[in-house]
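Undergrad: I'm passing along target_17.csv; it holds CSV, C-alpha atoms.
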```csv
chain,number,residue,atom,x,y,z
A,1,MET,CA,116.1,103.8,-118.5
A,2,VAL,CA,115.3,101.7,-115.5
A,3,THR,CA,112.6,102.5,-112.9
A,4,ILE,CA,112.9,100.7,-109.5
A,5,LEU,CA,109.8,100.7,-107.3
A,6,ASN,CA,111.0,99.9,-103.8
A,7,GLY,CA,108.0,98.7,-101.8
A,8,ASN,CA,109.9,98.1,-98.6
A,9,MET,CA,107.5,99.3,-95.9
A,10,LYS,CA,110.1,100.2,-93.4
A,11,THR,CA,110.5,104.0,-93.3
A,12,SER,CA,114.1,103.9,-91.9
A,13,PRO,CA,116.7,102.4,-94.3
A,14,ASN,CA,117.4,98.8,-93.6
A,15,GLY,CA,119.2,95.9,-95.4
A,16,PHE,CA,116.8,95.7,-98.3
A,17,ASP,CA,116.9,99.5,-99.0
A,18,LEU,CA,120.7,99.4,-98.9
A,19,TYR,CA,120.7,96.4,-101.3
A,20,VAL,CA,118.3,98.3,-103.7
A,21,ASN,CA,120.5,101.4,-103.5
A,22,ASP,CA,123.6,99.4,-104.3
A,23,VAL,CA,121.8,98.0,-107.4
A,24,ALA,CA,120.8,101.5,-108.4
A,25,ARG,CA,124.3,102.9,-107.9
A,26,ALA,CA,126.0,100.1,-109.9
A,27,LEU,CA,123.5,100.6,-112.6
A,28,GLU,CA,123.9,104.3,-112.8
A,29,GLN,CA,127.3,103.8,-114.4
A,30,THR,CA,125.6,102.6,-117.6
A,31,THR,CA,121.9,103.6,-117.5
A,32,GLN,CA,119.5,106.3,-116.2
A,33,VAL,CA,117.8,105.0,-113.1
A,34,ASN,CA,114.8,106.3,-111.2
A,35,THR,CA,114.3,104.8,-107.8
A,36,PHE,CA,111.1,105.4,-105.9
A,37,HIS,CA,111.1,104.6,-102.2
A,38,LEU,CA,107.4,104.2,-101.8
A,39,ALA,CA,107.4,104.4,-98.0
A,40,ASP,CA,108.5,108.0,-98.2
A,41,MET,CA,105.8,108.9,-100.7
A,42,LYS,CA,102.1,109.6,-100.4
A,43,ILE,CA,100.5,106.8,-102.4
A,44,HIS,CA,96.8,106.1,-102.0
A,45,GLN,CA,95.1,102.9,-103.1
A,46,CYS,CA,93.3,102.8,-106.4
A,47,ILE,CA,89.6,103.5,-105.5
A,48,GLY,CA,88.2,101.8,-108.6
A,49,CYS,CA,86.5,105.0,-109.8
A,50,TRP,CA,87.8,104.4,-113.3
A,51,SER,CA,88.1,108.1,-114.1
A,52,CYS,CA,91.4,107.1,-115.8
A,53,TRP,CA,89.4,104.9,-118.2
A,54,TRP,CA,86.2,106.8,-118.8
A,55,LYS,CA,86.3,110.4,-117.5
A,56,THR,CA,89.9,111.7,-118.0
A,57,PRO,CA,91.4,108.9,-120.2
A,58,GLY,CA,95.0,108.2,-119.2
A,59,LEU,CA,94.9,110.4,-116.1
A,60,CYS,CA,94.3,109.3,-112.5
A,61,ALA,CA,91.8,111.3,-110.4
A,62,ILE,CA,93.8,110.8,-107.2
A,63,LYS,CA,96.2,113.7,-106.5
A,64,ASP,CA,99.1,112.3,-104.6
A,65,ASP,CA,102.7,111.3,-105.4
A,66,ALA,CA,101.8,108.6,-107.9
A,67,GLU,CA,101.9,110.5,-111.2
A,68,PRO,CA,105.7,110.9,-111.5
A,69,ILE,CA,105.9,107.1,-111.0
A,70,MET,CA,103.4,106.5,-113.8
A,71,LYS,CA,105.4,108.8,-116.1
A,72,ALA,CA,108.7,107.2,-115.2
A,73,VAL,CA,107.3,103.7,-115.8
A,74,ILE,CA,105.9,104.4,-119.2
A,75,HIS,CA,109.2,106.0,-120.3
A,76,SER,CA,111.3,103.2,-119.0
A,77,ASP,CA,112.8,100.1,-120.7
A,78,MET,CA,112.5,98.1,-117.5
A,79,VAL,CA,110.5,98.5,-114.3
A,80,VAL,CA,111.8,96.6,-111.3
A,81,PHE,CA,109.2,95.7,-108.6
A,82,ALA,CA,111.3,95.5,-105.5
A,83,SER,CA,110.0,94.3,-102.1
A,84,PRO,CA,110.6,92.1,-99.2
A,85,VAL,CA,108.2,89.1,-99.2
A,86,ILE,CA,105.5,89.7,-96.6
A,87,ALA,CA,102.9,87.0,-95.9
A,88,GLY,CA,104.0,85.2,-99.0
A,89,PHE,CA,103.7,88.0,-101.5
A,90,THR,CA,105.2,91.4,-102.4
A,91,SER,CA,104.2,94.2,-100.0
A,92,SER,CA,100.8,96.0,-99.9
A,93,LEU,CA,102.7,99.2,-100.5
A,94,LEU,CA,104.0,98.0,-103.8
A,95,LYS,CA,100.6,96.5,-104.6
A,96,LYS,CA,99.0,99.9,-104.1
A,97,ILE,CA,101.1,101.6,-106.7
A,98,GLN,CA,100.9,98.5,-109.0
A,99,ASP,CA,97.0,98.8,-108.9
A,100,ARG,CA,97.3,102.5,-109.9
A,101,LEU,CA,99.3,101.6,-113.1
A,102,ILE,CA,96.0,100.7,-114.8
A,103,VAL,CA,96.1,104.3,-115.8
A,104,LEU,CA,98.6,103.2,-118.4
A,105,ILE,CA,96.4,100.7,-120.2
A,106,HIS,CA,93.1,101.1,-122.1
A,107,PRO,CA,89.7,99.8,-120.8
A,108,TYR,CA,88.9,98.2,-124.1
A,109,ILE,CA,89.1,94.4,-124.2
A,110,GLU,CA,90.7,92.6,-127.1
A,111,PRO,CA,91.5,89.0,-127.9
A,112,ILE,CA,95.2,88.1,-127.3
A,113,LYS,CA,96.5,84.5,-127.7
A,114,GLY,CA,93.2,82.9,-126.8
A,115,GLU,CA,92.4,85.2,-123.9
A,116,CYS,CA,90.7,88.5,-123.2
A,117,HIS,CA,93.1,91.3,-122.2
A,118,HIS,CA,93.1,95.1,-122.1
A,119,ARG,CA,94.2,97.0,-125.1
A,120,LYS,CA,97.4,99.1,-125.1
A,121,ARG,CA,97.2,102.8,-124.4
A,122,TYR,CA,100.8,103.4,-125.3
A,123,ASP,CA,103.0,102.0,-128.1
A,124,LYS,CA,105.6,100.6,-125.8
A,125,TYR,CA,105.6,99.2,-122.3
A,126,PRO,CA,108.7,98.4,-120.2
A,127,ASP,CA,109.9,94.9,-119.5
A,128,MET,CA,109.4,93.8,-115.9
A,129,ALA,CA,111.6,92.3,-113.2
A,130,LEU,CA,111.0,91.2,-109.6
A,131,LEU,CA,113.6,91.8,-106.9
A,132,MET,CA,112.6,90.3,-103.5
A,133,GLN,CA,114.0,89.5,-100.1
A,134,LYS,CA,112.8,86.2,-98.7
A,135,GLU,CA,111.0,86.0,-95.3
A,136,ALA,CA,111.9,83.2,-92.9
A,137,ASP,CA,109.5,80.6,-94.5
A,138,THR,CA,109.6,81.6,-98.2
A,139,ASP,CA,109.9,78.4,-100.2
A,140,ASP,CA,110.0,77.4,-103.8
A,141,GLU,CA,106.3,77.3,-104.1
A,142,ASP,CA,106.0,80.9,-102.9
A,143,GLU,CA,108.6,81.9,-105.5
A,144,LYS,CA,106.6,80.3,-108.2
A,145,ILE,CA,103.3,81.7,-107.0
A,146,ILE,CA,104.7,85.2,-107.0
A,147,ALA,CA,106.5,84.9,-110.3
A,148,ASP,CA,103.4,83.4,-112.0
A,149,ILE,CA,101.2,86.3,-110.8
A,150,TYR,CA,103.7,88.8,-112.1
A,151,LYS,CA,103.9,87.0,-115.4
A,152,ARG,CA,100.1,87.5,-115.7
A,153,LEU,CA,100.5,91.1,-114.8
A,154,ALA,CA,103.1,91.4,-117.6
A,155,ILE,CA,100.7,89.9,-120.1
A,156,ASN,CA,98.0,92.5,-119.2
A,157,PHE,CA,100.6,95.2,-119.5
A,158,HIS,CA,101.9,94.0,-122.9
A,159,SER,CA,105.2,93.3,-121.3
A,160,ASN,CA,107.3,90.4,-120.2
A,161,LEU,CA,108.7,89.4,-116.8
A,162,LYS,CA,112.3,89.1,-117.6
A,163,HIS,CA,113.9,88.4,-114.3
A,164,THR,CA,113.0,87.2,-110.8
A,165,TRP,CA,115.8,87.9,-108.3
A,166,PHE,CA,116.2,87.2,-104.6
A,167,THR,CA,118.7,89.2,-102.5
A,168,ASP,CA,120.2,86.0,-101.0
A,169,THR,CA,121.1,84.4,-104.3
A,170,GLN,CA,122.1,87.3,-106.5
A,171,THR,CA,124.7,90.0,-106.0
A,172,THR,CA,123.9,93.6,-106.6
A,173,GLU,CA,126.6,93.6,-109.4
A,174,GLU,CA,124.9,90.6,-111.1
A,175,ILE,CA,121.5,92.4,-111.1
A,176,ALA,CA,123.0,95.6,-112.3
A,177,HIS,CA,124.8,93.7,-115.1
A,178,ASP,CA,121.5,92.0,-116.1
A,179,LEU,CA,119.7,95.3,-116.1
A,180,SER,CA,122.4,97.1,-118.1
A,181,HIS,CA,122.0,94.5,-120.9
A,182,ILE,CA,118.3,95.0,-121.5
B,183,MET,CA,79.4,79.9,-85.4
B,184,THR,CA,80.1,83.5,-86.4
B,185,LEU,CA,80.5,84.4,-90.0
B,186,ALA,CA,82.5,87.5,-90.9
B,187,ILE,CA,82.5,88.7,-94.5
B,188,PHE,CA,85.1,91.2,-95.4
B,189,ASN,CA,84.5,93.2,-98.6
B,190,GLY,CA,87.9,94.2,-100.1
B,191,SER,CA,86.6,96.3,-102.9
B,192,PRO,CA,87.8,100.0,-102.7
B,193,ARG,CA,84.3,100.9,-104.0
B,194,LYS,CA,82.8,99.7,-100.7
B,195,GLN,CA,79.0,100.2,-100.7
B,196,LYS,CA,78.9,100.8,-104.4
B,197,SER,CA,80.9,97.7,-105.3
B,198,ASN,CA,79.9,94.7,-107.3
B,199,SER,CA,81.4,92.7,-104.4
B,200,LYS,CA,78.7,94.2,-102.2
B,201,ILE,CA,75.9,93.2,-104.6
B,202,LEU,CA,77.3,89.6,-104.7
B,203,THR,CA,77.6,89.6,-100.9
B,204,ASP,CA,74.0,90.7,-100.5
B,205,HIS,CA,72.8,87.8,-102.6
B,206,PHE,CA,75.0,85.4,-100.8
B,207,LEU,CA,73.6,86.7,-97.5
B,208,GLN,CA,70.0,86.5,-98.7
B,209,GLY,CA,70.5,82.8,-99.2
B,210,TYR,CA,72.6,82.4,-96.0
B,211,ARG,CA,70.0,84.2,-93.8
B,212,SER,CA,67.1,82.2,-95.3
B,213,VAL,CA,68.7,79.2,-93.6
B,214,ALA,CA,70.6,80.6,-90.6
B,215,GLY,CA,68.5,83.6,-89.7
B,216,GLN,CA,69.7,87.0,-88.8
B,217,LYS,CA,72.2,86.1,-86.1
B,218,ASN,CA,76.0,85.8,-86.1
B,219,VAL,CA,76.9,87.5,-89.4
B,220,ILE,CA,79.1,90.5,-89.5
B,221,THR,CA,80.1,92.3,-92.7
B,222,GLU,CA,82.9,94.8,-92.9
B,223,PHE,CA,84.6,96.9,-95.5
B,224,LEU,CA,88.4,96.8,-95.7
B,225,SER,CA,88.6,100.2,-97.3
B,226,ALA,CA,86.5,102.0,-94.6
B,227,LYS,CA,88.5,104.8,-93.1
B,228,ASP,CA,90.2,104.0,-89.7
B,229,GLN,CA,88.6,100.6,-89.7
B,230,MET,CA,91.6,98.3,-89.4
B,231,VAL,CA,91.5,97.7,-85.7
B,232,GLN,CA,87.8,96.9,-85.8
B,233,ASN,CA,88.4,94.6,-88.8
B,234,LEU,CA,91.1,92.7,-87.0
B,235,GLU,CA,88.9,92.3,-83.9
B,236,THR,CA,86.1,91.0,-86.1
B,237,PHE,CA,88.5,88.6,-87.8
B,238,SER,CA,89.8,87.4,-84.4
B,239,MET,CA,86.3,86.6,-83.0
B,240,ALA,CA,84.9,85.0,-86.1
B,241,THR,CA,84.9,81.2,-86.7
B,242,ASP,CA,84.2,81.5,-90.4
B,243,VAL,CA,85.6,84.2,-92.6
B,244,ILE,CA,85.0,85.0,-96.2
B,245,ILE,CA,87.0,87.7,-98.0
B,246,ILE,CA,85.5,88.9,-101.2
B,247,PHE,CA,87.3,91.2,-103.6
B,248,PRO,CA,87.7,92.3,-107.2
B,249,LEU,CA,90.7,91.2,-109.1
B,250,TYR,CA,93.1,94.1,-109.3
B,251,THR,CA,96.1,93.8,-111.6
B,252,ASP,CA,96.0,90.0,-111.5
B,253,SER,CA,95.7,89.6,-107.8
B,254,MET,CA,94.2,91.1,-104.7
B,255,PRO,CA,93.8,94.9,-104.3
B,256,GLY,CA,96.5,96.6,-102.2
B,257,VAL,CA,94.0,97.1,-99.3
B,258,VAL,CA,93.3,93.3,-99.2
B,259,LYS,CA,97.0,92.5,-99.2
B,260,GLU,CA,97.4,95.0,-96.3
B,261,PHE,CA,94.7,93.2,-94.4
B,262,LEU,CA,96.3,89.8,-95.0
B,263,GLU,CA,99.6,91.2,-93.7
B,264,LYS,CA,97.9,92.4,-90.5
B,265,ILE,CA,96.3,88.9,-90.1
B,266,TYR,CA,99.7,87.3,-90.7
B,267,PHE,CA,101.2,89.1,-87.8
B,268,LEU,CA,98.2,88.7,-85.4
B,269,GLN,CA,99.1,87.1,-82.1
B,270,ASN,CA,96.9,84.3,-80.7
B,271,ASN,CA,95.3,83.8,-84.1
B,272,ARG,CA,92.7,81.1,-83.5
B,273,THR,CA,92.2,78.5,-86.3
B,274,LYS,CA,89.3,79.4,-88.4
B,275,ASN,CA,87.6,78.5,-91.7
B,276,LEU,CA,88.8,80.9,-94.3
B,277,GLY,CA,87.4,81.2,-97.8
B,278,PHE,CA,87.6,83.8,-100.6
B,279,ILE,CA,85.5,85.1,-103.5
B,280,VAL,CA,87.3,86.7,-106.4
B,281,GLN,CA,85.3,88.5,-109.0
B,282,SER,CA,86.5,90.2,-112.1
B,283,GLY,CA,85.4,91.8,-115.3
B,284,PHE,CA,87.2,89.3,-117.5
B,285,PRO,CA,84.9,86.6,-118.7
B,286,GLU,CA,87.4,83.7,-118.3
B,287,ALA,CA,88.6,82.1,-115.0
B,288,ILE,CA,92.2,81.9,-116.1
B,289,HIS,CA,92.8,85.5,-114.8
B,290,SER,CA,91.9,84.6,-111.3
B,291,VAL,CA,93.4,81.1,-110.8
B,292,TYR,CA,96.8,82.5,-110.1
B,293,VAL,CA,95.8,84.5,-107.0
B,294,GLU,CA,93.7,81.5,-105.9
B,295,ARG,CA,97.0,79.6,-105.5
B,296,TYR,CA,98.3,82.4,-103.3
B,297,LEU,CA,95.2,82.5,-101.2
B,298,GLU,CA,95.3,78.8,-100.5
B,299,LYS,CA,99.0,78.9,-99.6
B,300,PHE,CA,98.3,81.9,-97.3
B,301,THR,CA,95.5,80.1,-95.5
B,302,ARG,CA,97.5,76.9,-95.0
B,303,ARG,CA,100.6,78.8,-93.9
B,304,GLN,CA,98.5,80.5,-91.2
B,305,GLY,CA,97.1,77.1,-90.1
B,306,HIS,CA,93.5,77.9,-91.0
B,307,ASN,CA,91.1,75.6,-92.8
B,308,TYR,CA,90.9,76.5,-96.4
B,309,LEU,CA,87.3,76.6,-97.6
B,310,GLY,CA,88.2,77.3,-101.2
B,311,THR,CA,88.1,80.3,-103.6
B,312,VAL,CA,84.9,81.1,-105.5
B,313,ILE,CA,85.9,82.6,-108.9
B,314,LYS,CA,83.4,84.6,-110.9
B,315,GLY,CA,84.3,86.5,-114.1
B,316,GLY,CA,82.2,88.8,-116.2
B,317,VAL,CA,81.0,90.7,-113.2
B,318,GLU,CA,81.7,94.3,-114.4
B,319,GLY,CA,78.6,95.9,-115.7
B,320,ILE,CA,76.1,94.0,-113.5
B,321,GLN,CA,74.9,97.2,-112.0
B,322,VAL,CA,73.6,98.4,-115.4
B,323,MET,CA,72.5,95.0,-116.8
B,324,PRO,CA,68.8,94.3,-117.1
B,325,PRO,CA,67.5,91.8,-114.5
B,326,GLY,CA,67.3,89.0,-117.0
B,327,MET,CA,71.0,89.1,-117.5
B,328,THR,CA,71.9,88.9,-113.8
B,329,ARG,CA,69.2,86.5,-112.5
B,330,LYS,CA,71.2,83.3,-112.9
B,331,LEU,CA,74.3,84.9,-111.3
B,332,PHE,CA,72.4,86.2,-108.3
B,333,ASP,CA,70.5,82.9,-107.9
B,334,ASN,CA,73.8,81.1,-107.8
B,335,PHE,CA,75.1,83.4,-105.1
B,336,LYS,CA,71.9,83.0,-103.1
B,337,LYS,CA,72.3,79.2,-103.4
B,338,LEU,CA,76.0,79.5,-102.4
B,339,GLY,CA,74.9,81.3,-99.2
B,340,GLU,CA,72.2,78.7,-98.5
B,341,HIS,CA,74.7,75.9,-98.8
B,342,PHE,CA,77.2,77.7,-96.7
B,343,ALA,CA,74.6,78.1,-93.9
B,344,GLU,CA,73.7,74.4,-94.1
B,345,LYS,CA,77.2,72.9,-94.4
B,346,GLY,CA,79.7,75.6,-93.4
B,347,GLU,CA,81.4,75.3,-96.8
B,348,PHE,CA,81.2,76.4,-100.4
B,349,SER,CA,79.3,74.1,-102.7
B,350,ASN,CA,81.7,72.6,-105.2
B,351,GLN,CA,78.9,72.3,-107.7
B,352,ILE,CA,78.0,76.0,-107.5
B,353,MET,CA,81.6,77.0,-107.5
B,354,LYS,CA,82.1,75.1,-110.7
B,355,LYS,CA,79.1,76.7,-112.3
B,356,LEU,CA,80.3,80.2,-111.3
B,357,LYS,CA,83.9,79.6,-112.4
B,358,GLY,CA,83.0,78.4,-115.8
B,359,PRO,CA,85.7,77.3,-118.2
B,360,LEU,CA,89.3,78.3,-117.7
B,361,ARG,CA,89.6,79.7,-121.2
B,362,MET,CA,87.1,80.3,-124.0
B,363,SER,CA,86.5,77.4,-126.3
B,364,LYS,CA,88.0,77.8,-129.8
B,365,VAL,CA,84.6,78.5,-131.3
B,366,LYS,CA,83.7,81.1,-128.7
B,367,TYR,CA,87.1,82.7,-129.1
B,368,ILE,CA,86.6,83.0,-132.8
B,369,GLY,CA,83.2,84.5,-132.2
B,370,PHE,CA,84.8,86.9,-129.6
B,371,SER,CA,87.5,87.9,-132.1
B,372,LEU,CA,84.9,88.7,-134.7
B,373,ILE,CA,82.8,90.7,-132.2
B,374,SER,CA,86.0,92.6,-131.1
B,375,LYS,CA,86.1,94.1,-134.5
B,376,THR,CA,82.7,95.7,-133.9
B,377,PRO,CA,81.6,98.3,-131.3
B,378,LEU,CA,79.6,95.7,-129.6
B,379,LEU,CA,82.4,94.2,-127.4
B,380,ASN,CA,83.2,97.5,-125.8
B,381,PHE,CA,79.7,98.9,-125.7
B,382,TYR,CA,79.8,99.3,-121.9
B,383,TRP,CA,83.1,101.3,-122.0
B,384,ASN,CA,81.9,103.4,-124.9
B,385,SER,CA,78.6,104.3,-123.3
B,386,GLN,CA,80.4,105.4,-120.2
B,387,LEU,CA,83.0,107.4,-122.2
B,388,LYS,CA,80.2,109.2,-124.1
B,389,LYS,CA,78.2,109.8,-120.9
B,390,ASN,CA,81.2,111.5,-119.4
B,391,GLY,CA,82.0,113.5,-122.5
B,392,ALA,CA,85.3,111.7,-122.8
B,393,TRP,CA,84.7,109.8,-126.0
B,394,GLU,CA,87.0,112.1,-128.1
B,395,LYS,CA,89.8,111.6,-125.6
B,396,ARG,CA,89.6,107.9,-125.3
B,397,PHE,CA,92.9,107.2,-126.9
B,398,ASP,CA,94.8,110.0,-125.2
B,399,ARG,CA,98.3,109.3,-124.0
B,400,PRO,CA,98.8,112.1,-121.4
B,401,MET,CA,101.8,110.5,-119.7
B,402,GLU,CA,103.7,110.5,-123.0
B,403,THR,CA,102.9,113.9,-124.2
B,404,GLN,CA,103.2,115.8,-120.9
B,405,ALA,CA,106.6,117.2,-120.0
B,406,LYS,CA,109.1,114.4,-119.1
B,407,GLY,CA,110.2,116.2,-116.0
B,408,PHE,CA,109.4,113.4,-113.6
```
What would the structure in this file look like if it were written as structure tokens?
TA:
Amino acid sequence: MVTILNGNMKTSPNGFDLYVNDVARALEQTTQVNTFHLADMKIHQCIGCWSCWWKTPGLCAIKDDAEPIMKAVIHSDMVVFASPVIAGFTSSLLKKIQDRLIVLIHPYIEPIKGECHHRKRYDKYPDMALLMQKEADTDDEDEKIIADIYKRLAINFHSNLKHTWFTDTQTTEEIAHDLSHI
Amino acid sequence: MTLAIFNGSPRKQKSNSKILTDHFLQGYRSVAGQKNVITEFLSAKDQMVQNLETFSMATDVIIIFPLYTDSMPGVVKEFLEKIYFLQNNRTKNLGFIVQSGFPEAIHSVYVERYLEKFTRRQGHNYLGTVIKGGVEGIQVMPPGMTRKLFDNFKKLGEHFAEKGEFSNQIMKKLKGPLRMSKVKYIGFSLISKTPLLNFYWNSQLKKNGAWEKRFDRPMETQAKGF
């Protein structure tokens, strides 16, 4: 199963949404796909209350549209963080749900490969992929900065960043093909 | 010179970022006096217009935030997006303070690269990023355990008031090593097998009556009807 988190901030469908929908459609031939268009959902920012770590372990205190996303992510083989690049990084909308995903890991710290990281809450976590649309001045350095940050996120989520795609260099069929072979 | 400090912690007044800012300002004001400092909270309700006005009129800007999932909290990214699209954005001196609960600096150096690139892309002068790990728990630590940290933030503020920049020497002290030394890591690995390492989390879990549920996996066991 693949979960796509579409962090495009535009509420009316545009080129990026159409691209993401094409990927999802092509992928549905072989895999179950959950696509969340975050701009159409009520997603609050993480408020740092840590209820999910020390009051109601594994459950977020904020009651909005985030819980189905959390469930979909933890049941997936792959989660795709999809977003136009805005100010050199993925969108704030995508970042808000990303921050909320701490509900899926444990507060305890443990040593992993020479560093401190959070312990797993679940046995299995999905692999990760990035799907982005460049902005006018996106360059190689931006691509590396974004990918490196998501690689770090993957380490903390006991996962791996398997793919980094851009809409201008990859066809939707190629992405669907990569995703159907996870 | 007008200094604006934006606190990007969603915990706002109750944040560790606020505590560190207060110590920075204590040092800053001891040199520069009370004038020309504005502090704002990025998570304050309906505050975005005010925050952008403050940003526009400031000559020096510091954005302080906790590391959230290996980069800036969503609300900080939202603010950076708004700055990015500001018209008539006058050149300013822009610096950042990133604090996290992880003890090592390695976790924060990736977002530092983004912050530097963002600042330069905008044509602002990059003052640097102060990185400080091991901050979680400072609100419950005895004074002896936080004195050095708070003194360093006070000195950082004094230096900023004098020179208009972060002191490299203090930044280095606060940042500490990128990773733990081998000896420290072995010690850490041994401690991780005892309840000592996660004492803070355990005490909070017990205080909240959630100790028995600490390993719950509610997203797995609840109906899969998402």
Undergrad: Grab the atom CA of A:Arg119 to atom CA of A:Pro107 distance for me, in Å with one decimal place.
TA: 6.8 Å
Undergrad: So the first atom is atom CA of A:Pro57 and the second is atom CA of B:Asp398; what is the distance between them in Å, to one decimal place?
TA: 6.1 Å
Undergrad: Taking 3 positions as the minimum chain separation for residues in the same chain, which residues sit within 7 Å of stretch 186-191 of chain B when counting all atoms listed in the file? Answer as a VMD selection string.
TA: chain B and resid 194 197 199 to 200 219 to 225 236 to 237 240 242 to 248 257 to 258
Undergrad: What are the residues of chain A that have an atom within 7 Å of an atom of chain B, counting all atoms listed in the file, as a compact mmCIF listing (two decimals) with C-alpha atoms, in the coordinates of the input?
TA:
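What landed in result39.txt:
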```
# COMPACT_ATOMS: atom_id res chain seq x y z
CA GLN A 45 95.10 102.90 -103.10
CA ILE A 47 89.60 103.50 -105.50
CA GLY A 48 88.20 101.80 -108.60
CA TRP A 54 86.20 106.80 -118.80
CA LYS A 55 86.30 110.40 -117.50
CA THR A 56 89.90 111.70 -118.00
CA PRO A 57 91.40 108.90 -120.20
CA GLY A 58 95.00 108.20 -119.20
CA LEU A 59 94.90 110.40 -116.10
CA PRO A 68 105.70 110.90 -111.50
CA LYS A 71 105.40 108.80 -116.10
CA ALA A 72 108.70 107.20 -115.20
CA ILE A 86 105.50 89.70 -96.60
CA ALA A 87 102.90 87.00 -95.90
CA GLY A 88 104.00 85.20 -99.00
CA SER A 92 100.80 96.00 -99.90
CA LEU A 93 102.70 99.20 -100.50
CA LYS A 95 100.60 96.50 -104.60
CA LYS A 96 99.00 99.90 -104.10
CA ASP A 99 97.00 98.80 -108.90
CA PRO A 107 89.70 99.80 -120.80
CA TYR A 108 88.90 98.20 -124.10
CA ILE A 109 89.10 94.40 -124.20
CA GLU A 110 90.70 92.60 -127.10
CA PRO A 111 91.50 89.00 -127.90
CA GLY A 114 93.20 82.90 -126.80
CA GLU A 115 92.40 85.20 -123.90
CA CYS A 116 90.70 88.50 -123.20
CA ARG A 121 97.20 102.80 -124.40
CA TYR A 122 100.80 103.40 -125.30
CA ILE A 145 103.30 81.70 -107.00
CA ASP A 148 103.40 83.40 -112.00
CA ILE A 149 101.20 86.30 -110.80
CA ARG A 152 100.10 87.50 -115.70
CA LEU A 153 100.50 91.10 -114.80
```
Undergrad: Between atom CA of B:Ile201 and atom CA of A:Asn156, what is the distance in Å, rounded to a tenth?
TA: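 Pair atom CA of B:Ile201 / atom CA of A:Asn156 returns 26.5 Å.
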Undergrad: Near A:Lys124, counting all atoms listed in the file, which residues have an atom at most 12 Å away, once you skip same-chain residues fewer than 3 positions from it, shown as a PyMOL selection string?
TA: (chain A and resi 73-78+104-105+119-121+127+157-160) or (chain B and resi 399+402)
Undergrad: Keeping C-alpha atoms, export the residues of the selection given above as a PDB file, in the frame of the given file.
TA:
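New file out28.pdb:
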```pdb
ATOM      1  CA  VAL A  73     107.300 103.700-115.800  1.00  0.00           C
ATOM      2  CA  ILE A  74     105.900 104.400-119.200  1.00  0.00           C
ATOM      3  CA  HIS A  75     109.200 106.000-120.300  1.00  0.00           C
ATOM      4  CA  SER A  76     111.300 103.200-119.000  1.00  0.00           C
ATOM      5  CA  ASP A  77     112.800 100.100-120.700  1.00  0.00           C
ATOM      6  CA  MET A  78     112.500  98.100-117.500  1.00  0.00           C
ATOM      7  CA  LEU A 104      98.600 103.200-118.400  1.00  0.00           C
ATOM      8  CA  ILE A 105      96.400 100.700-120.200  1.00  0.00           C
ATOM      9  CA  ARG A 119      94.200  97.000-125.100  1.00  0.00           C
ATOM     10  CA  LYS A 120      97.400  99.100-125.100  1.00  0.00           C
ATOM     11  CA  ARG A 121      97.200 102.800-124.400  1.00  0.00           C
ATOM     12  CA  ASP A 127     109.900  94.900-119.500  1.00  0.00           C
ATOM     13  CA  PHE A 157     100.600  95.200-119.500  1.00  0.00           C
ATOM     14  CA  HIS A 158     101.900  94.000-122.900  1.00  0.00           C
ATOM     15  CA  SER A 159     105.200  93.300-121.300  1.00  0.00           C
ATOM     16  CA  ASN A 160     107.300  90.400-120.200  1.00  0.00           C
TER      17      ASN A 160
ATOM     18  CA  ARG B 399      98.300 109.300-124.000  1.00  0.00           C
ATOM     19  CA  GLU B 402     103.700 110.500-123.000  1.00  0.00           C
TER      20      GLU B 402
END
```
